[in-house]
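K.L.:
Pasting coords-v6.csv below, which is CSV, N, CA, C and O atoms.
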```csv
chain,number,residue,atom,x,y,z
A,1,MET,N,0.8,-1.2,0.0
A,1,MET,CA,0.0,0.0,0.0
A,1,MET,C,0.9,1.2,0.0
A,1,MET,O,1.9,1.3,0.8
A,2,THR,N,0.6,2.2,-0.8
A,2,THR,CA,1.3,3.5,-0.9
A,2,THR,C,0.9,4.4,0.3
A,2,THR,O,-0.2,4.5,0.6
A,3,PRO,N,1.9,4.9,0.9
A,3,PRO,CA,1.6,5.8,2.1
A,3,PRO,C,0.9,7.1,1.6
A,3,PRO,O,1.1,7.6,0.5
A,4,SER,N,0.0,7.6,2.5
A,4,SER,CA,-0.7,8.8,2.1
A,4,SER,C,0.2,10.0,2.4
A,4,SER,O,1.1,9.9,3.1
A,5,PRO,N,-0.2,11.1,1.8
A,5,PRO,CA,0.6,12.4,2.1
A,5,PRO,C,0.6,12.7,3.5
A,5,PRO,O,1.6,13.2,4.0
A,6,VAL,N,-0.5,12.4,4.2
A,6,VAL,CA,-0.6,12.7,5.7
A,6,VAL,C,0.4,11.9,6.4
A,6,VAL,O,1.2,12.4,7.3
A,7,THR,N,0.4,10.6,6.2
A,7,THR,CA,1.4,9.7,6.9
A,7,THR,C,2.8,10.1,6.6
A,7,THR,O,3.7,10.0,7.4
A,8,GLU,N,3.1,10.4,5.3
A,8,GLU,CA,4.4,10.8,4.9
A,8,GLU,C,4.8,12.1,5.6
A,8,GLU,O,6.0,12.2,6.1
A,9,HIS,N,4.0,13.1,5.6
A,9,HIS,CA,4.3,14.4,6.2
A,9,HIS,C,4.7,14.3,7.7
A,9,HIS,O,5.6,14.9,8.2
A,10,PHE,N,3.9,13.5,8.4
A,10,PHE,CA,4.0,13.4,9.8
A,10,PHE,C,4.9,12.2,10.2
A,10,PHE,O,5.0,11.9,11.4
A,11,HIS,N,5.4,11.4,9.3
A,11,HIS,CA,6.2,10.3,9.6
A,11,HIS,C,5.5,9.3,10.5
A,11,HIS,O,6.0,8.9,11.5
A,12,ALA,N,4.2,9.1,10.2
A,12,ALA,CA,3.4,8.2,11.0
A,12,ALA,C,3.0,7.0,10.3
A,12,ALA,O,3.0,6.9,9.1
A,13,TYR,N,2.7,5.9,11.0
A,13,TYR,CA,2.2,4.7,10.3
A,13,TYR,C,0.7,4.9,10.0
A,13,TYR,O,0.0,5.7,10.7
A,14,ASP,N,0.2,4.2,9.0
A,14,ASP,CA,-1.1,4.4,8.5
A,14,ASP,C,-2.2,4.2,9.6
A,14,ASP,O,-3.2,4.9,9.6
A,15,GLY,N,-2.0,3.3,10.5
A,15,GLY,CA,-3.0,3.1,11.6
A,15,GLY,C,-3.1,4.2,12.6
A,15,GLY,O,-4.1,4.2,13.4
A,16,ALA,N,-2.2,5.1,12.6
A,16,ALA,CA,-2.2,6.2,13.6
A,16,ALA,C,-3.0,7.4,13.0
A,16,ALA,O,-3.1,8.4,13.7
A,17,VAL,N,-3.5,7.4,11.8
A,17,VAL,CA,-4.1,8.5,11.2
A,17,VAL,C,-5.5,8.2,10.9
A,17,VAL,O,-5.9,7.2,10.3
A,18,SER,N,-6.4,9.2,11.3
A,18,SER,CA,-7.8,9.1,10.9
A,18,SER,C,-8.2,10.5,10.3
A,18,SER,O,-7.7,11.5,10.8
A,19,ILE,N,-9.1,10.5,9.4
A,19,ILE,CA,-9.6,11.7,8.8
A,19,ILE,C,-11.1,11.7,8.8
A,19,ILE,O,-11.7,10.8,8.4
A,20,ALA,N,-11.6,12.8,9.3
A,20,ALA,CA,-13.1,13.0,9.4
A,20,ALA,C,-13.5,14.1,8.4
A,20,ALA,O,-12.8,15.1,8.3
A,21,LEU,N,-14.5,13.9,7.7
A,21,LEU,CA,-15.1,14.9,6.8
A,21,LEU,C,-16.4,15.4,7.3
A,21,LEU,O,-17.3,14.6,7.7
A,22,GLU,N,-16.6,16.6,7.2
A,22,GLU,CA,-17.9,17.2,7.7
A,22,GLU,C,-18.4,18.2,6.6
A,22,GLU,O,-17.7,19.1,6.2
A,23,PRO,N,-19.6,17.9,6.2
A,23,PRO,CA,-20.2,18.8,5.1
A,23,PRO,C,-20.5,20.2,5.7
A,23,PRO,O,-20.9,20.4,6.8
A,24,VAL,N,-20.1,21.2,4.9
A,24,VAL,CA,-20.4,22.6,5.3
A,24,VAL,C,-21.0,23.3,4.1
A,24,VAL,O,-20.5,23.2,2.9
A,25,ALA,N,-22.2,23.9,4.3
A,25,ALA,CA,-22.9,24.6,3.2
A,25,ALA,C,-22.0,25.7,2.6
A,25,ALA,O,-21.3,26.4,3.4
A,26,ALA,N,-22.0,25.9,1.3
A,26,ALA,CA,-21.2,26.9,0.7
A,26,ALA,C,-21.3,28.3,1.3
A,26,ALA,O,-20.3,29.0,1.5
A,27,HIS,N,-22.6,28.7,1.7
A,27,HIS,CA,-22.8,30.0,2.2
A,27,HIS,C,-22.2,30.1,3.6
A,27,HIS,O,-22.1,31.3,4.2
A,28,ASP,N,-21.9,29.0,4.3
A,28,ASP,CA,-21.3,29.1,5.7
A,28,ASP,C,-19.8,28.9,5.7
A,28,ASP,O,-19.2,29.0,6.7
A,29,TRP,N,-19.2,28.7,4.5
A,29,TRP,CA,-17.8,28.3,4.4
A,29,TRP,C,-16.9,29.4,5.1
A,29,TRP,O,-16.0,29.1,5.9
A,30,LEU,N,-17.1,30.6,4.7
A,30,LEU,CA,-16.2,31.7,5.2
A,30,LEU,C,-16.2,31.8,6.7
A,30,LEU,O,-15.2,31.9,7.4
A,31,ASP,N,-17.4,31.8,7.3
A,31,ASP,CA,-17.5,32.0,8.7
A,31,ASP,C,-17.2,30.8,9.5
A,31,ASP,O,-16.7,30.8,10.6
A,32,THR,N,-17.5,29.6,9.0
A,32,THR,CA,-17.4,28.4,9.7
A,32,THR,C,-16.0,27.7,9.6
A,32,THR,O,-15.5,27.2,10.5
A,33,VAL,N,-15.4,27.8,8.4
A,33,VAL,CA,-14.1,27.2,8.1
A,33,VAL,C,-13.0,28.1,7.8
A,33,VAL,O,-12.0,28.2,8.5
A,34,TYR,N,-13.2,28.9,6.8
A,34,TYR,CA,-12.1,29.8,6.4
A,34,TYR,C,-11.6,30.7,7.4
A,34,TYR,O,-10.4,30.8,7.7
A,35,GLY,N,-12.5,31.4,8.0
A,35,GLY,CA,-12.1,32.4,9.1
A,35,GLY,C,-11.4,31.8,10.2
A,35,GLY,O,-10.3,32.1,10.5
A,36,PRO,N,-12.0,30.8,10.9
A,36,PRO,CA,-11.4,30.3,12.1
A,36,PRO,C,-10.2,29.3,11.9
A,36,PRO,O,-9.3,29.1,12.7
A,37,GLU,N,-10.3,28.6,10.7
A,37,GLU,CA,-9.3,27.5,10.5
A,37,GLU,C,-8.1,27.9,9.5
A,37,GLU,O,-7.1,27.3,9.6
A,38,VAL,N,-8.3,28.9,8.7
A,38,VAL,CA,-7.3,29.2,7.7
A,38,VAL,C,-6.7,30.6,7.9
A,38,VAL,O,-5.5,30.8,7.9
A,39,THR,N,-7.5,31.6,8.1
A,39,THR,CA,-7.0,33.0,8.2
A,39,THR,C,-6.1,33.1,9.4
A,39,THR,O,-6.4,32.7,10.5
A,40,GLY,N,-4.9,33.6,9.2
A,40,GLY,CA,-3.9,33.8,10.2
A,40,GLY,C,-3.2,32.5,10.6
A,40,GLY,O,-2.4,32.5,11.6
A,41,ARG,N,-3.5,31.4,9.9
A,41,ARG,CA,-2.8,30.1,10.3
A,41,ARG,C,-2.1,29.5,9.1
A,41,ARG,O,-1.9,28.3,9.1
A,42,GLN,N,-1.8,30.3,8.1
A,42,GLN,CA,-1.1,29.8,6.9
A,42,GLN,C,0.1,29.0,7.2
A,42,GLN,O,0.5,28.0,6.5
A,43,HIS,N,0.8,29.3,8.3
A,43,HIS,CA,2.1,28.6,8.6
A,43,HIS,C,1.8,27.2,9.1
A,43,HIS,O,2.7,26.4,9.1
A,44,LEU,N,0.6,26.9,9.4
A,44,LEU,CA,0.2,25.5,9.7
A,44,LEU,C,-0.3,24.7,8.6
A,44,LEU,O,-0.4,23.4,8.7
A,45,LEU,N,-0.6,25.3,7.5
A,45,LEU,CA,-1.1,24.6,6.3
A,45,LEU,C,-0.1,23.8,5.6
A,45,LEU,O,1.0,24.3,5.3
A,46,ILE,N,-0.4,22.5,5.2
A,46,ILE,CA,0.5,21.7,4.4
A,46,ILE,C,0.3,22.1,2.9
A,46,ILE,O,1.2,22.2,2.2
A,47,LYS,N,-0.9,22.4,2.6
A,47,LYS,CA,-1.3,22.9,1.2
A,47,LYS,C,-2.1,24.2,1.3
A,47,LYS,O,-3.1,24.2,2.0
A,48,GLU,N,-1.7,25.2,0.7
A,48,GLU,CA,-2.4,26.5,0.7
A,48,GLU,C,-3.6,26.3,-0.2
A,48,GLU,O,-3.6,25.8,-1.3
A,49,PRO,N,-4.8,26.8,0.3
A,49,PRO,CA,-6.0,26.7,-0.6
A,49,PRO,C,-5.9,27.6,-1.8
A,49,PRO,O,-5.2,28.7,-1.8
A,50,ASN,N,-6.6,27.2,-2.8
A,50,ASN,CA,-6.6,28.0,-4.1
A,50,ASN,C,-8.1,27.8,-4.6
A,50,ASN,O,-8.3,27.1,-5.6
A,51,TYR,N,-9.0,28.5,-3.9
A,51,TYR,CA,-10.4,28.3,-4.2
A,51,TYR,C,-10.8,28.9,-5.5
A,51,TYR,O,-10.3,29.9,-5.9
A,52,ARG,N,-11.7,28.2,-6.2
A,52,ARG,CA,-12.3,28.7,-7.4
A,52,ARG,C,-13.4,29.7,-7.1
A,52,ARG,O,-14.0,29.6,-6.0
A,53,ASN,N,-13.6,30.6,-8.0
A,53,ASN,CA,-14.7,31.6,-7.7
A,53,ASN,C,-15.8,31.4,-8.8
A,53,ASN,O,-16.0,32.3,-9.6
A,54,ASP,N,-16.5,30.3,-8.7
A,54,ASP,CA,-17.5,30.0,-9.7
A,54,ASP,C,-18.8,30.6,-9.2
A,54,ASP,O,-19.3,30.4,-8.2
```
Kindly present the structure from the file in structure tokens form.
P.N.:
Amino acid sequence: MTPSPVTEHFHAYDGAVSIALEPVAAHDWLDTVYGPEVTGRQHLLIKEPNYRND
């Protein structure tokens, strides 16, 4: 099995990593996710967002 980017980045074995996904309505994205989780925390991001403006 090929290691995931998460396990490679953190040098962890596959069984030590879990990922949860939570749906967020598009109109709530800025206040619910982008503001508290991304703004001012770019130094913690593994991959910088590049959102489309559709």
K.L.:
Taking the backbone alone, and naming residues the way the document does, which bits of chain A are helix (DSSP H, G or I) by DSSP, as a ChimeraX atom specification?
P.N.:
/A:5-10,14-16,26-38,42-44
K.L.:
Rounded to one decimal, what separation in Å do you get between atom CA of A:Tyr34 and atom CA of A:Ser18?
P.N.:
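These two atoms are separated by 21.6 Å.
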K.L.:
Kindly give the distance, in Å, that separates atom N of A:Ala12 and atom O of A:Lys47, rounded to a single decimal.
P.N.:
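Interatomic distance, atom N of A:Ala12 to atom O of A:Lys47: 18.7 Å.
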K.L.:
In Å, with one decimal, what is the gap from atom CA of A:Asp31 to atom O of A:Leu45?
P.N.:
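Distance reported for this atom pair: 20.3 Å.
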K.L.:
List every protein, DNA or RNA residue that has an atom no more than 12 Å from (-12.8, 32.0, 1.0) in the file's coordinate frame, counting only C-alpha atoms, and report them as a list in words.
P.N.:
Ala26, His27, Asp28, Trp29, Leu30, Asp31, Thr32, Val33, Tyr34, Gly35, Pro36, Glu37, Val38, Thr39, Glu48, Pro49, Asn50, Tyr51, Arg52, Asn53 and Asp54 of chain A
K.L.:
Assuming the input is short of atoms at stretch 13-24 of chain A, produce all heavy atoms for that part as a PDB file, in the frame of the given file.
P.N.:
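Okay, this is what ended up in out-v5.pdb:
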```
ATOM      1  N   TYR A  13       2.700   5.900  11.000  1.00  0.00           N
ATOM      2  CA  TYR A  13       2.200   4.700  10.300  1.00  0.00           C
ATOM      3  C   TYR A  13       0.700   4.900  10.000  1.00  0.00           C
ATOM      4  O   TYR A  13       0.000   5.700  10.700  1.00  0.00           O
ATOM      5  CB  TYR A  13       2.484   3.466  11.141  1.00  0.00           C
ATOM      6  CG  TYR A  13       1.719   3.340  12.437  1.00  0.00           C
ATOM      7  CD1 TYR A  13       0.542   2.600  12.484  1.00  0.00           C
ATOM      8  CD2 TYR A  13       2.168   3.956  13.601  1.00  0.00           C
ATOM      9  CE1 TYR A  13      -0.169   2.490  13.664  1.00  0.00           C
ATOM     10  CE2 TYR A  13       1.464   3.844  14.786  1.00  0.00           C
ATOM     11  CZ  TYR A  13       0.299   3.107  14.803  1.00  0.00           C
ATOM     12  OH  TYR A  13      -0.403   3.002  15.980  1.00  0.00           O
ATOM     13  N   ASP A  14       0.200   4.200   9.000  1.00  0.00           N
ATOM     14  CA  ASP A  14      -1.100   4.400   8.500  1.00  0.00           C
ATOM     15  C   ASP A  14      -2.200   4.200   9.600  1.00  0.00           C
ATOM     16  O   ASP A  14      -3.200   4.900   9.600  1.00  0.00           O
ATOM     17  CB  ASP A  14      -1.394   3.405   7.362  1.00  0.00           C
ATOM     18  CG  ASP A  14      -2.650   3.747   6.601  1.00  0.00           C
ATOM     19  OD1 ASP A  14      -2.768   4.908   6.160  1.00  0.00           O
ATOM     20  OD2 ASP A  14      -3.503   2.851   6.452  1.00  0.00           O
ATOM     21  N   GLY A  15      -2.000   3.300  10.500  1.00  0.00           N
ATOM     22  CA  GLY A  15      -3.000   3.100  11.600  1.00  0.00           C
ATOM     23  C   GLY A  15      -3.100   4.200  12.600  1.00  0.00           C
ATOM     24  O   GLY A  15      -4.100   4.200  13.400  1.00  0.00           O
ATOM     25  N   ALA A  16      -2.200   5.100  12.600  1.00  0.00           N
ATOM     26  CA  ALA A  16      -2.200   6.200  13.600  1.00  0.00           C
ATOM     27  C   ALA A  16      -3.000   7.400  13.000  1.00  0.00           C
ATOM     28  O   ALA A  16      -3.100   8.400  13.700  1.00  0.00           O
ATOM     29  CB  ALA A  16      -0.769   6.634  13.903  1.00  0.00           C
ATOM     30  N   VAL A  17      -3.500   7.400  11.800  1.00  0.00           N
ATOM     31  CA  VAL A  17      -4.100   8.500  11.200  1.00  0.00           C
ATOM     32  C   VAL A  17      -5.500   8.200  10.900  1.00  0.00           C
ATOM     33  O   VAL A  17      -5.900   7.200  10.300  1.00  0.00           O
ATOM     34  CB  VAL A  17      -3.357   8.909   9.875  1.00  0.00           C
ATOM     35  CG1 VAL A  17      -4.063  10.039   9.175  1.00  0.00           C
ATOM     36  CG2 VAL A  17      -1.916   9.277  10.180  1.00  0.00           C
ATOM     37  N   SER A  18      -6.400   9.200  11.300  1.00  0.00           N
ATOM     38  CA  SER A  18      -7.800   9.100  10.900  1.00  0.00           C
ATOM     39  C   SER A  18      -8.200  10.500  10.300  1.00  0.00           C
ATOM     40  O   SER A  18      -7.700  11.500  10.800  1.00  0.00           O
ATOM     41  CB  SER A  18      -8.731   8.665  12.007  1.00  0.00           C
ATOM     42  OG  SER A  18      -8.680   9.625  13.032  1.00  0.00           O
ATOM     43  N   ILE A  19      -9.100  10.500   9.400  1.00  0.00           N
ATOM     44  CA  ILE A  19      -9.600  11.700   8.800  1.00  0.00           C
ATOM     45  C   ILE A  19     -11.100  11.700   8.800  1.00  0.00           C
ATOM     46  O   ILE A  19     -11.700  10.800   8.400  1.00  0.00           O
ATOM     47  CB  ILE A  19      -9.056  11.808   7.308  1.00  0.00           C
ATOM     48  CG1 ILE A  19      -7.526  11.816   7.295  1.00  0.00           C
ATOM     49  CG2 ILE A  19      -9.617  13.051   6.629  1.00  0.00           C
ATOM     50  CD1 ILE A  19      -6.912  11.708   5.926  1.00  0.00           C
ATOM     51  N   ALA A  20     -11.600  12.800   9.300  1.00  0.00           N
ATOM     52  CA  ALA A  20     -13.100  13.000   9.400  1.00  0.00           C
ATOM     53  C   ALA A  20     -13.500  14.100   8.400  1.00  0.00           C
ATOM     54  O   ALA A  20     -12.800  15.100   8.300  1.00  0.00           O
ATOM     55  CB  ALA A  20     -13.515  13.339  10.786  1.00  0.00           C
ATOM     56  N   LEU A  21     -14.500  13.900   7.700  1.00  0.00           N
ATOM     57  CA  LEU A  21     -15.100  14.900   6.800  1.00  0.00           C
ATOM     58  C   LEU A  21     -16.400  15.400   7.300  1.00  0.00           C
ATOM     59  O   LEU A  21     -17.300  14.600   7.700  1.00  0.00           O
ATOM     60  CB  LEU A  21     -15.228  14.295   5.368  1.00  0.00           C
ATOM     61  CG  LEU A  21     -13.967  13.731   4.744  1.00  0.00           C
ATOM     62  CD1 LEU A  21     -14.280  13.102   3.397  1.00  0.00           C
ATOM     63  CD2 LEU A  21     -12.906  14.794   4.600  1.00  0.00           C
ATOM     64  N   GLU A  22     -16.600  16.600   7.200  1.00  0.00           N
ATOM     65  CA  GLU A  22     -17.900  17.200   7.700  1.00  0.00           C
ATOM     66  C   GLU A  22     -18.400  18.200   6.600  1.00  0.00           C
ATOM     67  O   GLU A  22     -17.700  19.100   6.200  1.00  0.00           O
ATOM     68  CB  GLU A  22     -17.645  18.002   9.004  1.00  0.00           C
ATOM     69  CG  GLU A  22     -18.870  18.617   9.592  1.00  0.00           C
ATOM     70  CD  GLU A  22     -18.567  19.343  10.900  1.00  0.00           C
ATOM     71  OE1 GLU A  22     -17.459  19.203  11.441  1.00  0.00           O
ATOM     72  OE2 GLU A  22     -19.454  20.066  11.364  1.00  0.00           O
ATOM     73  N   PRO A  23     -19.600  17.900   6.200  1.00  0.00           N
ATOM     74  CA  PRO A  23     -20.200  18.800   5.100  1.00  0.00           C
ATOM     75  C   PRO A  23     -20.500  20.200   5.700  1.00  0.00           C
ATOM     76  O   PRO A  23     -20.900  20.400   6.800  1.00  0.00           O
ATOM     77  CB  PRO A  23     -21.466  18.134   4.677  1.00  0.00           C
ATOM     78  CG  PRO A  23     -21.826  17.178   5.748  1.00  0.00           C
ATOM     79  CD  PRO A  23     -20.564  16.850   6.504  1.00  0.00           C
ATOM     80  N   VAL A  24     -20.100  21.200   4.900  1.00  0.00           N
ATOM     81  CA  VAL A  24     -20.400  22.600   5.300  1.00  0.00           C
ATOM     82  C   VAL A  24     -21.000  23.300   4.100  1.00  0.00           C
ATOM     83  O   VAL A  24     -20.500  23.200   2.900  1.00  0.00           O
ATOM     84  CB  VAL A  24     -19.075  23.357   5.603  1.00  0.00           C
ATOM     85  CG1 VAL A  24     -19.335  24.824   5.891  1.00  0.00           C
ATOM     86  CG2 VAL A  24     -18.376  22.690   6.778  1.00  0.00           C
TER      87      VAL A  24
END
```
